[in-house]
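Trainee: There's a structure below that I have some questions on.
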Amino acid sequence: MTGAGAALKRWETLMFVLLVAIIALNSLDSRYFLSIGNFVNLFQLSIEKSIVALTMTLVIIGGEIDLSVASVMGLAACVAAWTFQHGAPMPLAVLLALAAGIVAGLNNAFWIAYVGLPSLAVTLAGLIGYRGVARIFLEDRAIGGFPEWFNQLGQQPIIGPLTASIVIFFILFVFFAVILHSSALGRMIYAIGSNVQAARYSGVRVGLIKTDLFVASAFVAALAGVLYAARLGSVRGDMAEGFELDIITAVLLGGVSIFGGKGNLAGVGLAILVILNLRNGMGLANITGNTQNYVIGGLLVFSVLAPNVWQDVRNTWRGREI
Amino acid sequence: MRKMMMSAAAFALLALAPQSGWTQVATVTPGKDVSMVLLPKFLGILPFDQAHKGAEEAAKELQNPAALQFLGPTPQNSVAGQIEIVTNATTQGVKAIMISNNSGDQIAPAAKVAQAKGVKVVTWDSPIPSAEGEDVFVAQVDFSEIGKVMADMALSILGPNGGKFAILSASPDASNQNAWIAAMKTALKDPKYAQLNLVDTVYGNDESEKSYTQAQALVDKYPDLRLIMAPTSVGIVAAAKALQDEKLCDKVKVSGLGLPSEMLAYTKNGCAPQFALWSFVDLGYLAYYTAYALATGAIKAEEGAKFKAGRMGDYAITKDPTRAKGLRVLMGPFTVYTKDNVEAAAK
């Protein structure tokens, strides 16, 4: 465990160095980079993905994956918009959207935790199915015209220069960090992710904890979907489509093992900062579209490759010493 | 073609005159340092590359020292990508953004923030439906105008003595074609088209083969037919091929709406001496002029403002009849292609 702990520390150090390098390059490259307004924008433009990345971290550490998050975001936004358009007051519409998220999460959890299907398959079905329901609600229309307070929730700062979404991100970051790193529940998530059989024999209620994970994931996704709707002020059926890959990218780049049991929230927080600053810097340098994707894809390959190569190098070295 | 556009612009000005009076036509001052972003729906699509070409042409003409940035999202990330580009452009303090919007009203909050920071937001090709966050929309065509354009092409091909002509359309329930045909019938009521005799309307369902046989059937049925008007890019090619195969091109001509690259051969050999389509090059050019004029303060985004857009002539900002709050600059009517300009456009 100490070896793994040290490795994680190294990973975070690497992320931190990368982050400092990116920030330095960005500041040199663009005189617009170092401003409070730009930093708020940089967070705000991807804040919904960042929020969902928090619960995704817990899910992946628990040895599972949730591919349905972006579709749940879209579903929640569509439920809110549709019920609002059909006469529900906005607060009720928001509650119904969050409830839709919980239902989606329970559905995922049922098939994974109690029927025992692999989460990859179940949430892939969710990715397609929840998106389908969202599109049935909205067809090819867009729904907008939400109350002003709702739009402002997504667009206006509430504390200093920070928007509600950013504040919610920081609150959830602390909340999930405490759960994962200082609670019995967190230790059980690591245990399940490392070795589910061992965890089960040690008396961990695996089914219940997996249910918690998938419901939390879908609920937070629904919340993020509502915040996204507030930010854009209008909802379409294709909302947030494809976001799941960006979210998983951030988690993996944060040093979380795709096989479960390893990683922490600080690493993911750093990875989010790395990606956001990189995207923003490239955006300000007028590099868009495919080039951005290429660079971030390359970074991910590097993130998966680097630890393994490092391990190999170290093993070889030690072999020589002995 | 320029004459047609001028007359359309003059027509627009006349329509405006009673409300706004004859305000000065603003001339933009070249050489001002105005950083601008041209934002297409996606990168890597031919019409947008053509619009980029037109915008670069305008940029060169106006000697803008700030390079035009042509930035776009990938199709997979089009909504979030456009919002990100608009936000970053605002941070960079650009003076104008030209958007072909693909996100409905979802771009509106980002566009409003841009406006609040003093960025001029011009949409082209596809506007912001609510018009929020948008200064003005540069519209490619007014669908009601096409009736007049088709009537003008028919008159120009048949000459003052006129003659019989027929319409080869897409499917009977195609709403855009039906609207265009209805507009053409309205236009034909003008006495100057009195000699044009519309004898039939047939439908080729936008299938090459069906359109081909329908064109053959038309010339069999009406021995003195002189023109087939096809307001569809499939029908026009099929009709031209049918007439060429029947060796009737000397007697019966083809016109309508088509793509220069597909019509090149038939326009060069005289089967289809004229056809029309809007030009994305011109659309990009006009969008650039509009944005430059707004950003340099030559005009304000309000109804009645007029400006000179280089080689394309004078334009005016009017209310957009298709959107409750929007303003538009109507490029229209169309580019009419003849043997003189089709080759360049087909490239």
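Lettering and numbering for the structure tokens are positional, with chains as A, B, ... in the shown order, residues counted from 1 in each chain, and ligands counted from 1 in the shown order.
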Using only C-alpha atoms, determine which residues lie at most 10 Å from Phe137 (chain A), disregarding the query and same-chain residues fewer than 2 positions distant; provide the list as a PyMOL selection string.
Mentor: chain A and resi 75+78-79+81-83+131-135+139-141+236-237
Trainee: Would you return as a list in words the members of region 276-321 of chain B that DSSP assigns to strand (DSSP E or B) on this structure's backbone?
Mentor: Ala276, Leu277, Lys306, Phe307, Lys308, Asp314, Tyr315, Ala316, Ile317, Thr318 and Lys319 of chain B
Trainee: Mind writing the picked residues with N, CA and C atoms as a PDB file, in the first residue's frame?
Mentor:
```
ATOM      1  N   ALA B 276     -29.616  29.295 -61.335  1.00  0.00           N
ATOM      2  CA  ALA B 276     -29.329  30.142 -60.173  1.00  0.00           C
ATOM      3  C   ALA B 276     -29.047  29.316 -58.926  1.00  0.00           C
ATOM      4  N   LEU B 277     -28.319  29.910 -58.035  1.00  0.00           N
ATOM      5  CA  LEU B 277     -28.132  29.403 -56.676  1.00  0.00           C
ATOM      6  C   LEU B 277     -27.474  30.538 -55.912  1.00  0.00           C
ATOM      7  N   LYS B 306     -27.814  51.797 -43.910  1.00  0.00           N
ATOM      8  CA  LYS B 306     -27.407  51.345 -45.242  1.00  0.00           C
ATOM      9  C   LYS B 306     -25.899  51.442 -45.371  1.00  0.00           C
ATOM     10  N   PHE B 307     -25.334  50.516 -46.123  1.00  0.00           N
ATOM     11  CA  PHE B 307     -23.888  50.555 -46.322  1.00  0.00           C
ATOM     12  C   PHE B 307     -23.545  49.961 -47.674  1.00  0.00           C
ATOM     13  N   LYS B 308     -22.320  50.291 -48.112  1.00  0.00           N
ATOM     14  CA  LYS B 308     -21.855  49.773 -49.398  1.00  0.00           C
ATOM     15  C   LYS B 308     -20.941  48.589 -49.140  1.00  0.00           C
ATOM     16  N   ASP B 314     -24.919  48.170 -52.639  1.00  0.00           N
ATOM     17  CA  ASP B 314     -25.497  48.723 -51.418  1.00  0.00           C
ATOM     18  C   ASP B 314     -26.464  47.746 -50.757  1.00  0.00           C
ATOM     19  N   TYR B 315     -26.429  47.749 -49.453  1.00  0.00           N
ATOM     20  CA  TYR B 315     -27.349  46.910 -48.685  1.00  0.00           C
ATOM     21  C   TYR B 315     -27.948  47.704 -47.552  1.00  0.00           C
ATOM     22  N   ALA B 316     -29.100  47.256 -47.078  1.00  0.00           N
ATOM     23  CA  ALA B 316     -29.769  47.936 -45.979  1.00  0.00           C
ATOM     24  C   ALA B 316     -30.153  46.915 -44.917  1.00  0.00           C
ATOM     25  N   ILE B 317     -30.176  47.379 -43.678  1.00  0.00           N
ATOM     26  CA  ILE B 317     -30.660  46.531 -42.591  1.00  0.00           C
ATOM     27  C   ILE B 317     -32.164  46.734 -42.472  1.00  0.00           C
ATOM     28  N   THR B 318     -32.890  45.624 -42.500  1.00  0.00           N
ATOM     29  CA  THR B 318     -34.345  45.702 -42.390  1.00  0.00           C
ATOM     30  C   THR B 318     -34.809  44.757 -41.283  1.00  0.00           C
ATOM     31  N   LYS B 319     -36.087  44.842 -40.981  1.00  0.00           N
ATOM     32  CA  LYS B 319     -36.663  43.852 -40.067  1.00  0.00           C
ATOM     33  C   LYS B 319     -36.654  42.505 -40.763  1.00  0.00           C
TER      34      LYS B 319
END
```
Trainee: Using only C-alpha atoms, which chain B residues lie at most 7 Å away from chain A, written as a PDB file with N, CA and C atoms, in the first residue's frame?
Mentor:
```pdb
ATOM      1  N   LEU B  71     -12.522  29.820 -37.308  1.00  0.00           N
ATOM      2  CA  LEU B  71     -12.507  28.831 -36.238  1.00  0.00           C
ATOM      3  C   LEU B  71     -13.842  28.126 -36.177  1.00  0.00           C
ATOM      4  N   GLY B  72     -13.796  26.805 -36.063  1.00  0.00           N
ATOM      5  CA  GLY B  72     -15.055  26.088 -35.954  1.00  0.00           C
ATOM      6  C   GLY B  72     -14.930  24.851 -35.113  1.00  0.00           C
ATOM      7  N   PRO B  73     -16.063  24.339 -34.648  1.00  0.00           N
ATOM      8  CA  PRO B  73     -16.045  23.121 -33.839  1.00  0.00           C
ATOM      9  C   PRO B  73     -16.024  21.872 -34.723  1.00  0.00           C
ATOM     10  N   THR B  74     -15.877  20.724 -34.087  1.00  0.00           N
ATOM     11  CA  THR B  74     -16.061  19.469 -34.803  1.00  0.00           C
ATOM     12  C   THR B  74     -17.552  19.139 -34.751  1.00  0.00           C
ATOM     13  N   GLU B  84     -17.837  27.720 -26.808  1.00  0.00           N
ATOM     14  CA  GLU B  84     -16.463  27.904 -26.338  1.00  0.00           C
ATOM     15  C   GLU B  84     -15.723  28.917 -27.211  1.00  0.00           C
ATOM     16  N   ILE B  85     -15.916  28.817 -28.512  1.00  0.00           N
ATOM     17  CA  ILE B  85     -15.217  29.733 -29.418  1.00  0.00           C
ATOM     18  C   ILE B  85     -15.715  31.164 -29.232  1.00  0.00           C
ATOM     19  N   ASN B  88     -14.223  32.409 -25.880  1.00  0.00           N
ATOM     20  CA  ASN B  88     -12.797  32.714 -25.978  1.00  0.00           C
ATOM     21  C   ASN B  88     -12.545  33.954 -26.837  1.00  0.00           C
ATOM     22  N   THR B  91     -13.105  36.869 -24.717  1.00  0.00           N
ATOM     23  CA  THR B  91     -11.953  37.081 -23.833  1.00  0.00           C
ATOM     24  C   THR B  91     -10.820  37.766 -24.583  1.00  0.00           C
ATOM     25  N   GLN B  92     -10.614  37.344 -25.822  1.00  0.00           N
ATOM     26  CA  GLN B  92      -9.532  37.915 -26.616  1.00  0.00           C
ATOM     27  C   GLN B  92      -9.823  39.340 -27.039  1.00  0.00           C
ATOM     28  N   ASP B 105     -31.157  28.513 -29.817  1.00  0.00           N
ATOM     29  CA  ASP B 105     -30.964  29.645 -28.904  1.00  0.00           C
ATOM     30  C   ASP B 105     -29.895  29.389 -27.870  1.00  0.00           C
ATOM     31  N   GLN B 106     -29.273  28.207 -27.910  1.00  0.00           N
ATOM     32  CA  GLN B 106     -28.314  27.873 -26.862  1.00  0.00           C
ATOM     33  C   GLN B 106     -27.063  28.745 -26.913  1.00  0.00           C
ATOM     34  N   ILE B 107     -26.812  29.330 -28.068  1.00  0.00           N
ATOM     35  CA  ILE B 107     -25.640  30.194 -28.190  1.00  0.00           C
ATOM     36  C   ILE B 107     -25.955  31.598 -27.641  1.00  0.00           C
ATOM     37  N   PRO B 109     -26.922  33.059 -24.726  1.00  0.00           N
ATOM     38  CA  PRO B 109     -26.269  33.649 -23.550  1.00  0.00           C
ATOM     39  C   PRO B 109     -24.813  34.045 -23.815  1.00  0.00           C
TER      40      PRO B 109
END
```
Trainee: Compile the contact shell of Ser144 (chain B) as a list of chain:residue names: residues with an atom at most 9 Å away, counting only C-alpha atoms, same-chain residues fewer than 4 positions apart removed.
Mentor: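 So the residues in contact are B:Lys148, B:Ala179, B:Trp180, B:Ala182, B:Ala183, B:Met184.
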Trainee: Output C-alpha atoms for every residue in the selection just made, as a PDB file, in the first residue's frame.
Mentor:
```pdb
ATOM      1  CA  LYS B 148     -39.027  36.508 -59.496  1.00  0.00           C
ATOM      2  CA  ALA B 179     -43.512  27.809 -52.237  1.00  0.00           C
ATOM      3  CA  TRP B 180     -41.043  28.748 -54.977  1.00  0.00           C
ATOM      4  CA  ALA B 182     -46.258  29.632 -56.147  1.00  0.00           C
ATOM      5  CA  ALA B 183     -43.955  32.649 -55.910  1.00  0.00           C
ATOM      6  CA  MET B 184     -43.070  32.269 -59.568  1.00  0.00           C
TER       7      MET B 184
END
```
Trainee: Counting only C-alpha atoms, which residue out of A:Val309, A:Val40, A:Ala21, A:Val220 sits closest to Ile166 (chain A)?
Mentor: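 Ranking A:Val309, A:Val40, A:Ala21, A:Val220 by distance to Ile166 (chain A), first place goes to A:Val40.
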Trainee: Could you write out, as a PyMOL selection string, all the residues of region 125-220 of chain A that DSSP marks as helix (DSSP H, G or I)?
Mentor: chain A and resi 125-138+148-155+164-182+184-194+196-201+206-220
Trainee: Save out the residues we just selected, C-alpha atoms, as a PDB file, in the first residue's frame.
Mentor:
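Result went into again_38.pdb, see below:
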```
ATOM      1  CA  ALA A 125     -27.741   0.572 -22.839  1.00  0.00           C
ATOM      2  CA  GLY A 126     -28.511   3.522 -20.570  1.00  0.00           C
ATOM      3  CA  LEU A 127     -26.491   5.833 -22.798  1.00  0.00           C
ATOM      4  CA  ILE A 128     -28.698   4.881 -25.742  1.00  0.00           C
ATOM      5  CA  GLY A 129     -31.962   4.463 -23.852  1.00  0.00           C
ATOM      6  CA  TYR A 130     -32.001   7.632 -21.732  1.00  0.00           C
ATOM      7  CA  ARG A 131     -30.995   9.660 -24.773  1.00  0.00           C
ATOM      8  CA  GLY A 132     -33.880   8.078 -26.628  1.00  0.00           C
ATOM      9  CA  VAL A 133     -36.328   9.087 -23.901  1.00  0.00           C
ATOM     10  CA  ALA A 134     -34.904  12.621 -23.902  1.00  0.00           C
ATOM     11  CA  ARG A 135     -35.436  12.838 -27.646  1.00  0.00           C
ATOM     12  CA  ILE A 136     -38.983  11.478 -27.335  1.00  0.00           C
ATOM     13  CA  PHE A 137     -39.745  14.307 -24.907  1.00  0.00           C
ATOM     14  CA  LEU A 138     -38.377  17.024 -27.142  1.00  0.00           C
ATOM     15  CA  GLU A 148     -35.061  34.744 -15.451  1.00  0.00           C
ATOM     16  CA  TRP A 149     -33.860  33.432 -12.053  1.00  0.00           C
ATOM     17  CA  PHE A 150     -33.238  30.019 -13.599  1.00  0.00           C
ATOM     18  CA  ASN A 151     -31.139  31.407 -16.444  1.00  0.00           C
ATOM     19  CA  GLN A 152     -29.228  33.598 -14.025  1.00  0.00           C
ATOM     20  CA  LEU A 153     -28.493  30.550 -11.911  1.00  0.00           C
ATOM     21  CA  GLY A 154     -26.409  29.260 -14.798  1.00  0.00           C
ATOM     22  CA  GLN A 155     -25.062  32.512 -16.161  1.00  0.00           C
ATOM     23  CA  ALA A 164     -23.642  28.752  -8.784  1.00  0.00           C
ATOM     24  CA  SER A 165     -22.299  25.821 -10.831  1.00  0.00           C
ATOM     25  CA  ILE A 166     -18.735  26.558  -9.788  1.00  0.00           C
ATOM     26  CA  VAL A 167     -19.723  26.897  -6.135  1.00  0.00           C
ATOM     27  CA  ILE A 168     -21.606  23.594  -6.352  1.00  0.00           C
ATOM     28  CA  PHE A 169     -18.525  21.975  -7.891  1.00  0.00           C
ATOM     29  CA  PHE A 170     -16.329  23.012  -4.964  1.00  0.00           C
ATOM     30  CA  ILE A 171     -18.896  21.930  -2.381  1.00  0.00           C
ATOM     31  CA  LEU A 172     -19.287  18.534  -4.041  1.00  0.00           C
ATOM     32  CA  PHE A 173     -15.521  18.189  -4.400  1.00  0.00           C
ATOM     33  CA  VAL A 174     -15.069  18.546  -0.635  1.00  0.00           C
ATOM     34  CA  PHE A 175     -18.091  16.343   0.077  1.00  0.00           C
ATOM     35  CA  PHE A 176     -16.917  13.461  -2.113  1.00  0.00           C
ATOM     36  CA  ALA A 177     -13.305  13.845  -0.981  1.00  0.00           C
ATOM     37  CA  VAL A 178     -14.434  13.365   2.616  1.00  0.00           C
ATOM     38  CA  ILE A 179     -16.547  10.345   1.696  1.00  0.00           C
ATOM     39  CA  LEU A 180     -13.839   8.715  -0.378  1.00  0.00           C
ATOM     40  CA  HIS A 181     -10.833   9.419   1.807  1.00  0.00           C
ATOM     41  CA  SER A 182     -12.134   9.738   5.385  1.00  0.00           C
ATOM     42  CA  ALA A 184     -15.900   3.818   6.101  1.00  0.00           C
ATOM     43  CA  LEU A 185     -17.916   4.023   2.898  1.00  0.00           C
ATOM     44  CA  GLY A 186     -14.875   5.316   1.043  1.00  0.00           C
ATOM     45  CA  ARG A 187     -12.690   2.479   2.331  1.00  0.00           C
ATOM     46  CA  MET A 188     -15.337  -0.012   1.242  1.00  0.00           C
ATOM     47  CA  ILE A 189     -15.417   1.519  -2.261  1.00  0.00           C
ATOM     48  CA  TYR A 190     -11.640   0.993  -2.534  1.00  0.00           C
ATOM     49  CA  ALA A 191     -12.053  -2.529  -1.188  1.00  0.00           C
ATOM     50  CA  ILE A 192     -14.693  -3.424  -3.761  1.00  0.00           C
ATOM     51  CA  GLY A 193     -12.635  -1.899  -6.546  1.00  0.00           C
ATOM     52  CA  SER A 194      -9.467  -3.776  -5.525  1.00  0.00           C
ATOM     53  CA  VAL A 196     -14.747  -7.576  -4.959  1.00  0.00           C
ATOM     54  CA  GLN A 197     -14.668 -11.166  -3.674  1.00  0.00           C
ATOM     55  CA  ALA A 198     -12.420 -10.298  -0.770  1.00  0.00           C
ATOM     56  CA  ALA A 199     -14.646  -7.362   0.062  1.00  0.00           C
ATOM     57  CA  ARG A 200     -17.737  -9.540   0.001  1.00  0.00           C
ATOM     58  CA  TYR A 201     -16.152 -12.130   2.322  1.00  0.00           C
ATOM     59  CA  VAL A 206     -21.358  -4.844  -2.168  1.00  0.00           C
ATOM     60  CA  GLY A 207     -24.810  -4.552  -3.723  1.00  0.00           C
ATOM     61  CA  LEU A 208     -25.823  -1.677  -1.492  1.00  0.00           C
ATOM     62  CA  ILE A 209     -22.620   0.249  -2.085  1.00  0.00           C
ATOM     63  CA  LYS A 210     -22.809  -0.229  -5.859  1.00  0.00           C
ATOM     64  CA  THR A 211     -26.389   1.015  -5.722  1.00  0.00           C
ATOM     65  CA  ASP A 212     -25.184   4.080  -3.811  1.00  0.00           C
ATOM     66  CA  LEU A 213     -22.525   4.695  -6.436  1.00  0.00           C
ATOM     67  CA  PHE A 214     -24.803   4.497  -9.465  1.00  0.00           C
ATOM     68  CA  VAL A 215     -27.605   6.494  -7.885  1.00  0.00           C
ATOM     69  CA  ALA A 216     -25.125   9.178  -6.799  1.00  0.00           C
ATOM     70  CA  SER A 217     -23.618   9.200 -10.284  1.00  0.00           C
ATOM     71  CA  ALA A 218     -26.972   9.605 -12.036  1.00  0.00           C
ATOM     72  CA  PHE A 219     -28.259  12.127  -9.489  1.00  0.00           C
ATOM     73  CA  VAL A 220     -25.184  14.320  -9.868  1.00  0.00           C
TER      74      VAL A 220
END
```
Trainee: Skipping near chain neighbours, those fewer than 4 positions away, what residues fall within 12 Å of Arg328 (chain B) using only C-alpha atoms, listed as a ChimeraX atom specification?
Mentor: /B:12,122-128,131,134-142,286-287,290,301-306,315-324,332
Trainee: Need to verify the contact set: Asp200 (chain B), 10 Å, only C-alpha atoms, exclusion of same-chain residues closer than 2 positions in sequence. Can you return it as a ChimeraX atom specification?
Mentor: /B:164-168,197-198,202,218,222,228
Trainee: List the spatial neighbours of region 51-58 of chain A as a list of chain:residue names - criterion: any atom at most 6 Å away, only C-alpha atoms, same-chain residues fewer than 3 positions off excluded.
Mentor: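 Counting only the stated atoms, we get A:Glu48, A:Ile61, A:Phe169, A:Ser217, A:Ala221, A:Ile247, A:Val251.
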Trainee: Which polymer residues have any atom within 7 Å of an atom of Ala222 (chain A), counting only C-alpha atoms, with same-chain residues fewer than 2 positions away left out, as a list in words?
Mentor: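 Once the nearby chain positions are removed, what remains is Val72, Met73, Ala76, Ala97, Leu98, Gly101, Ala218, Phe219, Val220, Ala224, Gly225 and Val226 of chain A.
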